[in-house]
Amino acid sequence: MAEKARAADAYAVGAREPLLSIRDLALDIAGPDGMRPILRVQALDLYPGEVLGLVGETGSGKTLTAMAVVQLFPTPHARITGGSVRFRGRELVGAGPRELAAVRGRRVGVIFQDPSTSLNPVFPVDEPLIRALRIHRGLSRAAARAEAERLLERVGLPGLVGKGRYPHELSGGQRQRVMIALALAGDPELLIADEPTTALDVTVQAQILRLLAELQRERRLAVIFITHNVSLLSGFADRVAVMYAGDVVECGPTAAVLQRPQHPYTQLLLAAAPRLGSGARRLAAIEGLPPSLRERPRGCAFADRCPRAAERCRVEAPRLAPVGEGGPAGGGAATGDGLAAGEGLAAGAGHAVACFFPGGEAQ
Ligand SMILES: Nc1ncnc2c1ncn2[C@@H]1O[C@H](COP(=O)(O)OP(=O)(O)OP(=O)(O)O)[C@@H](O)[C@H]1O
Ligand code: SF4
Ligand SMILES: [Mg+2]
């Protein structure tokens, strides 16, 4: 009996299902000269209750990748043209409006960089929250007001309900607290935080980050935390995924990626990153430019900037593959049979890299 229970436990650990699983996601944006291929994300997994830091230079596709879960994009010209986005095992690519509505604002909450663009200036700040609570949780107006009061108090804004306070009357930090309460209104399992502290000054940044970390623990939230500031990741993120030119080029446990980066791009990115407490908040530039997304290169997208590029890199695109011996850690990695293209290569919580010549130092 005990034997059987142990076997079942082992299976449960091995079979830990990701909350979110992206495979070979292709997203294009229509432009004046036709469709431009923007995202080609081979693989990205997020497990229940874990914090995934998403990093990469501007335009690398962090926002579009995260927003593919709710399929709300900054432009109406964006189209998912292939691949798979599974949330709690359900396929969201090609899902109908009803299914997507159940995910948006409910199972998945979103916080953006600049709260002033997301809060409607003509409504008092408690109104959208009360409305969201009524819609997502089916509460009466009185119950929604009480819940709004409780939520706002939890994010550090007690006594705000019914006071008729408009967004412009609040500070940037207070507005971001309102946005956090709004993102939590549907009691989500996943929170997408897209550079939630970038628009704030340094002291307020630290307060908001602390609040997010507390809420993540209290509610066992899975979080996709998008940031340019690599120094924010070590205390907060369980795993890190590095994006370059619309794809994940390296991912793994935070300590492994930050201390033993394998991809030349990650190595350069970290070398260029501001040190903790240096005051600099954005990544310094890495020499060269990412490829024009209109003409995706046949080989590795980093080849033109890579100090290690070889002949093979220009003709063949590297797939995300486990680093080191024994394959990915975490038990969930499957490199075996019967998996869709891309599946298994980076699945699980292990360290994976898309490079023919990983490791070493890039400089
Ligand atoms: N509104 C838009 N209209 C047209 N193209 C867009 C738009 N938003 C994004 N793109 C294209 O998609 C690519 C990826 O954009 P995305 O916003 O996901 O990058 P990001 O990594 O979040 O960058 P940032 O760090 O600046 O927020 C961009 O390089 C751009 O080519
Ligand atoms: S595959 Fe080649 S070009 Fe691409 S990052 Fe690795 S070494 Fe550089
Ligand atoms: Mg972005």
# chains A, B, ... in the order shown; residues from 1 in each chain; ligands from 1
call {"tool": "closest_atom_pairs", "arguments": {"of": "chain A", "to": "ligand 1", "cutoff": "7 Å", "atoms": "only C-alpha atoms and all ligand atoms", "output": "Markdown table"}}
result
| residue | atom | partner | partner_atom_place_in_ligand_line | distance |
| --- | --- | --- | --- | --- |
| A:Ile29 | CA | ligand 1 | 5 (N) | 6.4 |
| A:Ile38 | CA | ligand 1 | 12 (O) | 5.6 |
| A:Gly56 | CA | ligand 1 | 21 (O) | 6.2 |
| A:Glu57 | CA | ligand 1 | 25 (O) | 5.7 |
| A:Thr58 | CA | ligand 1 | 25 (O) | 3.5 |
| A:Gly59 | CA | ligand 1 | 29 (O) | 3.4 |
| A:Ser60 | CA | ligand 1 | 21 (O) | 3.9 |
| A:Gly61 | CA | ligand 1 | 18 (O) | 3.2 |
| A:Lys62 | CA | ligand 1 | 21 (O) | 3.8 |
| A:Thr63 | CA | ligand 1 | 22 (O) | 3.7 |
| A:Leu64 | CA | ligand 1 | 18 (O) | 3.8 |
| A:Thr65 | CA | ligand 1 | 18 (O) | 6.3 |
| A:Pro74 | CA | ligand 1 | 1 (N) | 4.8 |
| A:Thr75 | CA | ligand 1 | 1 (N) | 4.4 |
| A:His228 | CA | ligand 1 | 25 (O) | 6.8 |
| A:Gly246 | CA | ligand 1 | 14 (C) | 6.7 |
| A:Leu293 | CA | ligand 1 | 31 (O) | 6.8 |
call {"tool": "write_last_selection", "arguments": {"atoms": "N, CA, C and O atoms", "output": "PDB file, in the first residue's frame"}}
result
ATOM      1  N   ILE A  29       2.371  40.454 -37.535  1.00  0.00           N
ATOM      2  CA  ILE A  29       1.653  41.732 -37.527  1.00  0.00           C
ATOM      3  C   ILE A  29       1.556  42.234 -38.961  1.00  0.00           C
ATOM      4  O   ILE A  29       2.554  42.266 -39.692  1.00  0.00           O
ATOM      5  N   ILE A  38       6.654  38.205 -36.277  1.00  0.00           N
ATOM      6  CA  ILE A  38       7.154  38.879 -35.076  1.00  0.00           C
ATOM      7  C   ILE A  38       7.612  37.879 -34.015  1.00  0.00           C
ATOM      8  O   ILE A  38       8.745  37.933 -33.557  1.00  0.00           O
ATOM      9  N   GLY A  56      14.844  40.713 -21.817  1.00  0.00           N
ATOM     10  CA  GLY A  56      15.290  40.837 -23.208  1.00  0.00           C
ATOM     11  C   GLY A  56      15.189  42.294 -23.592  1.00  0.00           C
ATOM     12  O   GLY A  56      14.449  43.055 -22.964  1.00  0.00           O
ATOM     13  N   GLU A  57      15.937  42.685 -24.639  1.00  0.00           N
ATOM     14  CA  GLU A  57      15.951  44.107 -24.965  1.00  0.00           C
ATOM     15  C   GLU A  57      14.625  44.551 -25.574  1.00  0.00           C
ATOM     16  O   GLU A  57      13.773  43.729 -25.899  1.00  0.00           O
ATOM     17  N   THR A  58      14.470  45.841 -25.725  1.00  0.00           N
ATOM     18  CA  THR A  58      13.219  46.389 -26.227  1.00  0.00           C
ATOM     19  C   THR A  58      12.888  45.826 -27.616  1.00  0.00           C
ATOM     20  O   THR A  58      13.780  45.657 -28.446  1.00  0.00           O
ATOM     21  N   GLY A  59      11.643  45.481 -27.814  1.00  0.00           N
ATOM     22  CA  GLY A  59      11.203  44.938 -29.099  1.00  0.00           C
ATOM     23  C   GLY A  59      11.441  43.447 -29.269  1.00  0.00           C
ATOM     24  O   GLY A  59      11.163  42.888 -30.329  1.00  0.00           O
ATOM     25  N   SER A  60      11.944  42.767 -28.224  1.00  0.00           N
ATOM     26  CA  SER A  60      12.254  41.340 -28.380  1.00  0.00           C
ATOM     27  C   SER A  60      11.005  40.456 -28.299  1.00  0.00           C
ATOM     28  O   SER A  60      11.081  39.257 -28.580  1.00  0.00           O
ATOM     29  N   GLY A  61       9.873  41.033 -27.904  1.00  0.00           N
ATOM     30  CA  GLY A  61       8.630  40.255 -27.945  1.00  0.00           C
ATOM     31  C   GLY A  61       8.090  39.828 -26.589  1.00  0.00           C
ATOM     32  O   GLY A  61       7.209  38.974 -26.508  1.00  0.00           O
ATOM     33  N   LYS A  62       8.579  40.436 -25.508  1.00  0.00           N
ATOM     34  CA  LYS A  62       8.145  40.041 -24.162  1.00  0.00           C
ATOM     35  C   LYS A  62       6.652  40.298 -23.962  1.00  0.00           C
ATOM     36  O   LYS A  62       5.906  39.416 -23.529  1.00  0.00           O
ATOM     37  N   THR A  63       6.220  41.529 -24.277  1.00  0.00           N
ATOM     38  CA  THR A  63       4.817  41.881 -24.065  1.00  0.00           C
ATOM     39  C   THR A  63       3.902  41.014 -24.933  1.00  0.00           C
ATOM     40  O   THR A  63       2.921  40.453 -24.446  1.00  0.00           O
ATOM     41  N   LEU A  64       4.225  40.887 -26.211  1.00  0.00           N
ATOM     42  CA  LEU A  64       3.354  40.119 -27.108  1.00  0.00           C
ATOM     43  C   LEU A  64       3.266  38.655 -26.674  1.00  0.00           C
ATOM     44  O   LEU A  64       2.206  38.042 -26.734  1.00  0.00           O
ATOM     45  N   THR A  65       4.381  38.085 -26.208  1.00  0.00           N
ATOM     46  CA  THR A  65       4.370  36.689 -25.761  1.00  0.00           C
ATOM     47  C   THR A  65       3.442  36.526 -24.554  1.00  0.00           C
ATOM     48  O   THR A  65       2.597  35.633 -24.516  1.00  0.00           O
ATOM     49  N   PRO A  74      -1.328  45.080 -28.368  1.00  0.00           N
ATOM     50  CA  PRO A  74      -1.324  46.541 -28.471  1.00  0.00           C
ATOM     51  C   PRO A  74      -1.739  47.037 -29.855  1.00  0.00           C
ATOM     52  O   PRO A  74      -1.927  48.233 -30.039  1.00  0.00           O
ATOM     53  N   THR A  75      -1.846  46.150 -30.808  1.00  0.00           N
ATOM     54  CA  THR A  75      -2.293  46.556 -32.137  1.00  0.00           C
ATOM     55  C   THR A  75      -3.336  45.566 -32.663  1.00  0.00           C
ATOM     56  O   THR A  75      -3.190  44.357 -32.470  1.00  0.00           O
ATOM     57  N   HIS A 228      13.161  45.029 -17.600  1.00  0.00           N
ATOM     58  CA  HIS A 228      14.464  45.314 -18.202  1.00  0.00           C
ATOM     59  C   HIS A 228      15.547  45.230 -17.139  1.00  0.00           C
ATOM     60  O   HIS A 228      16.728  45.220 -17.442  1.00  0.00           O
ATOM     61  N   GLY A 246      12.060  37.773 -30.806  1.00  0.00           N
ATOM     62  CA  GLY A 246      10.780  37.060 -30.873  1.00  0.00           C
ATOM     63  C   GLY A 246      10.810  35.619 -30.430  1.00  0.00           C
ATOM     64  O   GLY A 246       9.829  34.896 -30.613  1.00  0.00           O
ATOM     65  N   LEU A 293      12.763  42.037 -38.452  1.00  0.00           N
ATOM     66  CA  LEU A 293      11.839  40.916 -38.282  1.00  0.00           C
ATOM     67  C   LEU A 293      11.120  40.575 -39.594  1.00  0.00           C
ATOM     68  O   LEU A 293      10.492  39.547 -39.716  1.00  0.00           O
TER      69      LEU A 293
END
call {"tool": "residues_around", "arguments": {"residues": "Arg239 in chain A", "least_positions_apart": "2", "cutoff": "7 Å", "atoms": "only C-alpha atoms", "output": "PyMOL selection string"}}
result
chain A and resi 51-53+237+241+252-254
call {"tool": "residues_around", "arguments": {"residues": "range 149-164 of chain A", "least_positions_apart": "3", "cutoff": "6 Å", "atoms": "only C-alpha atoms", "output": "MDAnalysis selection string"}}
result
chainID A and resid 124 126 146 177 181
call {"tool": "write_last_selection", "arguments": {"atoms": "all heavy atoms", "output": "mmCIF file, in the first residue's frame"}}
result
data_model
loop_
_atom_site.group_PDB
_atom_site.id
_atom_site.type_symbol
_atom_site.label_atom_id
_atom_site.label_comp_id
_atom_site.auth_asym_id
_atom_site.auth_seq_id
_atom_site.Cartn_x
_atom_site.Cartn_y
_atom_site.Cartn_z
ATOM 1 N N PRO A 124 -14.242 57.702 -11.022
ATOM 2 C CA PRO A 124 -13.511 57.548 -9.753
ATOM 3 C C PRO A 124 -12.838 56.178 -9.742
ATOM 4 O O PRO A 124 -13.373 55.222 -10.313
ATOM 5 C CB PRO A 124 -14.618 57.619 -8.693
ATOM 6 C CG PRO A 124 -15.791 58.237 -9.365
ATOM 7 C CD PRO A 124 -15.689 57.902 -10.821
ATOM 8 N N ASP A 126 -12.486 53.767 -7.694
ATOM 9 C CA ASP A 126 -13.124 52.573 -7.135
ATOM 10 C C ASP A 126 -14.169 51.979 -8.082
ATOM 11 O O ASP A 126 -14.518 50.810 -7.971
ATOM 12 C CB ASP A 126 -13.743 52.875 -5.765
ATOM 13 C CG ASP A 126 -14.723 54.035 -5.810
ATOM 14 O OD1 ASP A 126 -14.651 54.841 -6.762
ATOM 15 O OD2 ASP A 126 -15.564 54.140 -4.899
ATOM 16 N N ALA A 146 -17.949 46.221 -0.615
ATOM 17 C CA ALA A 146 -17.248 45.715 0.577
ATOM 18 C C ALA A 146 -15.952 45.009 0.166
ATOM 19 O O ALA A 146 -14.902 45.192 0.795
ATOM 20 C CB ALA A 146 -18.161 44.766 1.355
ATOM 21 N N ARG A 177 -1.136 50.742 -7.407
ATOM 22 C CA ARG A 177 -1.793 49.901 -6.392
ATOM 23 C C ARG A 177 -3.238 49.621 -6.795
ATOM 24 O O ARG A 177 -3.740 48.512 -6.612
ATOM 25 C CB ARG A 177 -1.729 50.581 -5.018
ATOM 26 C CG ARG A 177 -0.331 50.553 -4.411
ATOM 27 C CD ARG A 177 -0.252 51.405 -3.153
ATOM 28 N NE ARG A 177 1.133 51.602 -2.765
ATOM 29 C CZ ARG A 177 1.818 50.796 -1.954
ATOM 30 N NH1 ARG A 177 1.228 49.759 -1.425
ATOM 31 N NH2 ARG A 177 3.073 51.043 -1.674
ATOM 32 N N ALA A 181 -5.018 45.971 -7.505
ATOM 33 C CA ALA A 181 -6.318 45.535 -6.967
ATOM 34 C C ALA A 181 -7.232 45.095 -8.117
ATOM 35 O O ALA A 181 -7.914 44.063 -8.026
ATOM 36 C CB ALA A 181 -6.960 46.670 -6.171
#
call {"tool": "closest_residue", "arguments": {"among": "A:Ile80, A:Ile22, A:Val69, A:Met243", "to": "ligand 3", "atoms": "only C-alpha atoms and all ligand atoms"}}
result
A:Met243
call {"tool": "residues_near_ligand", "arguments": {"ligand": "ligand 2", "cutoff": "6 Å", "atoms": "only C-alpha atoms and all ligand atoms", "output": "PyMOL selection string"}}
result
chain A and resi 263-264+300+302-303+306+308-310+313+318+355-357
call {"tool": "select_by_dssp", "arguments": {"residues": "range 43-284 of chain A", "states": "strand (DSSP E or B)", "output": "ChimeraX atom specification"}}
result
/A:43-46,51-55,78-87,90-91,104,108-111,190-194,222-226,239-244,247-253
call {"tool": "closest_residue", "arguments": {"among": "A:Glu214, A:Asp45, A:Glu311, A:Asp194", "to": "ligand 3", "atoms": "only C-alpha atoms and all ligand atoms"}}
result
A:Asp194
call {"tool": "closest_residue", "arguments": {"among": "A:Gly324, A:Glu218, A:Tyr47, A:Ile111", "to": "ligand 3", "atoms": "only C-alpha atoms and all ligand atoms"}}
result
A:Ile111
call {"tool": "closest_residue", "arguments": {"among": "A:Glu50, A:Asp33, A:Asp28, A:Asp187", "to": "Arg104 in chain A", "atoms": "only C-alpha atoms"}}
result
A:Asp187
call {"tool": "atom_distance", "arguments": {"atom1": "CA of Arg175 in chain A", "atom2": "CA of Leu46 in chain A"}}
result
28.0 Å
call {"tool": "select_by_dssp", "arguments": {"residues": "range 97-128 of chain A", "states": "helix (DSSP H, G or I)", "output": "list in words"}}
result
Pro97, Arg98, Glu99, Leu100, Ala101, Ala102, Val103, Pro115, Ser116, Thr117, Ser118, Asp126, Glu127 and Pro128 of chain A
call {"tool": "closest_residue", "arguments": {"among": "A:Glu195, A:Asp114, A:Asp247, A:Asp238", "to": "ligand 3", "atoms": "only C-alpha atoms and all ligand atoms"}}
result
A:Glu195
call {"tool": "closest_residue", "arguments": {"among": "A:Pro261, A:Gly360, A:Pro196, A:Gly235", "to": "ligand 3", "atoms": "only C-alpha atoms and all ligand atoms"}}
result
A:Pro196
call {"tool": "residues_around", "arguments": {"residues": "Leu190 in chain A", "least_positions_apart": "2", "cutoff": "7 Å", "atoms": "only C-alpha atoms", "output": "PDB file with N, CA, C and O atoms, in the first residue's frame"}}
result
ATOM      1  N   ARG A 107      -9.138  34.413 -14.791  1.00  0.00           N
ATOM      2  CA  ARG A 107      -8.058  33.492 -14.412  1.00  0.00           C
ATOM      3  C   ARG A 107      -6.703  34.167 -14.582  1.00  0.00           C
ATOM      4  O   ARG A 107      -5.719  33.738 -14.009  1.00  0.00           O
ATOM      5  N   VAL A 108      -6.682  35.201 -15.426  1.00  0.00           N
ATOM      6  CA  VAL A 108      -5.421  35.913 -15.680  1.00  0.00           C
ATOM      7  C   VAL A 108      -5.627  37.413 -15.442  1.00  0.00           C
ATOM      8  O   VAL A 108      -6.505  38.022 -16.045  1.00  0.00           O
ATOM      9  N   GLY A 109      -4.842  37.987 -14.551  1.00  0.00           N
ATOM     10  CA  GLY A 109      -4.885  39.430 -14.322  1.00  0.00           C
ATOM     11  C   GLY A 109      -3.657  40.069 -14.945  1.00  0.00           C
ATOM     12  O   GLY A 109      -2.604  39.446 -15.051  1.00  0.00           O
ATOM     13  N   PRO A 188      -7.377  35.776  -9.845  1.00  0.00           N
ATOM     14  CA  PRO A 188      -6.674  35.029 -10.897  1.00  0.00           C
ATOM     15  C   PRO A 188      -5.676  34.014 -10.356  1.00  0.00           C
ATOM     16  O   PRO A 188      -5.257  34.099  -9.202  1.00  0.00           O
ATOM     17  N   ILE A 192       0.048  38.696 -14.988  1.00  0.00           N
ATOM     18  CA  ILE A 192       1.059  39.172 -15.920  1.00  0.00           C
ATOM     19  C   ILE A 192       1.408  40.595 -15.502  1.00  0.00           C
ATOM     20  O   ILE A 192       0.547  41.470 -15.497  1.00  0.00           O
ATOM     21  N   LEU A 221       0.084  32.873  -6.388  1.00  0.00           N
ATOM     22  CA  LEU A 221      -0.100  33.265  -7.784  1.00  0.00           C
ATOM     23  C   LEU A 221       1.067  32.808  -8.650  1.00  0.00           C
ATOM     24  O   LEU A 221       2.217  32.858  -8.208  1.00  0.00           O
ATOM     25  N   ALA A 222       0.772  32.396  -9.852  1.00  0.00           N
ATOM     26  CA  ALA A 222       1.825  32.292 -10.857  1.00  0.00           C
ATOM     27  C   ALA A 222       1.979  33.692 -11.443  1.00  0.00           C
ATOM     28  O   ALA A 222       0.984  34.383 -11.651  1.00  0.00           O
ATOM     29  N   VAL A 223       3.223  34.119 -11.663  1.00  0.00           N
ATOM     30  CA  VAL A 223       3.449  35.484 -12.158  1.00  0.00           C
ATOM     31  C   VAL A 223       4.404  35.453 -13.350  1.00  0.00           C
ATOM     32  O   VAL A 223       5.430  34.772 -13.313  1.00  0.00           O
TER      33      VAL A 223
END
call {"tool": "atom_distance", "arguments": {"atom1": "CA of Val178 in chain A", "atom2": "CA of Pro128 in chain A"}}
result
9.7 Å
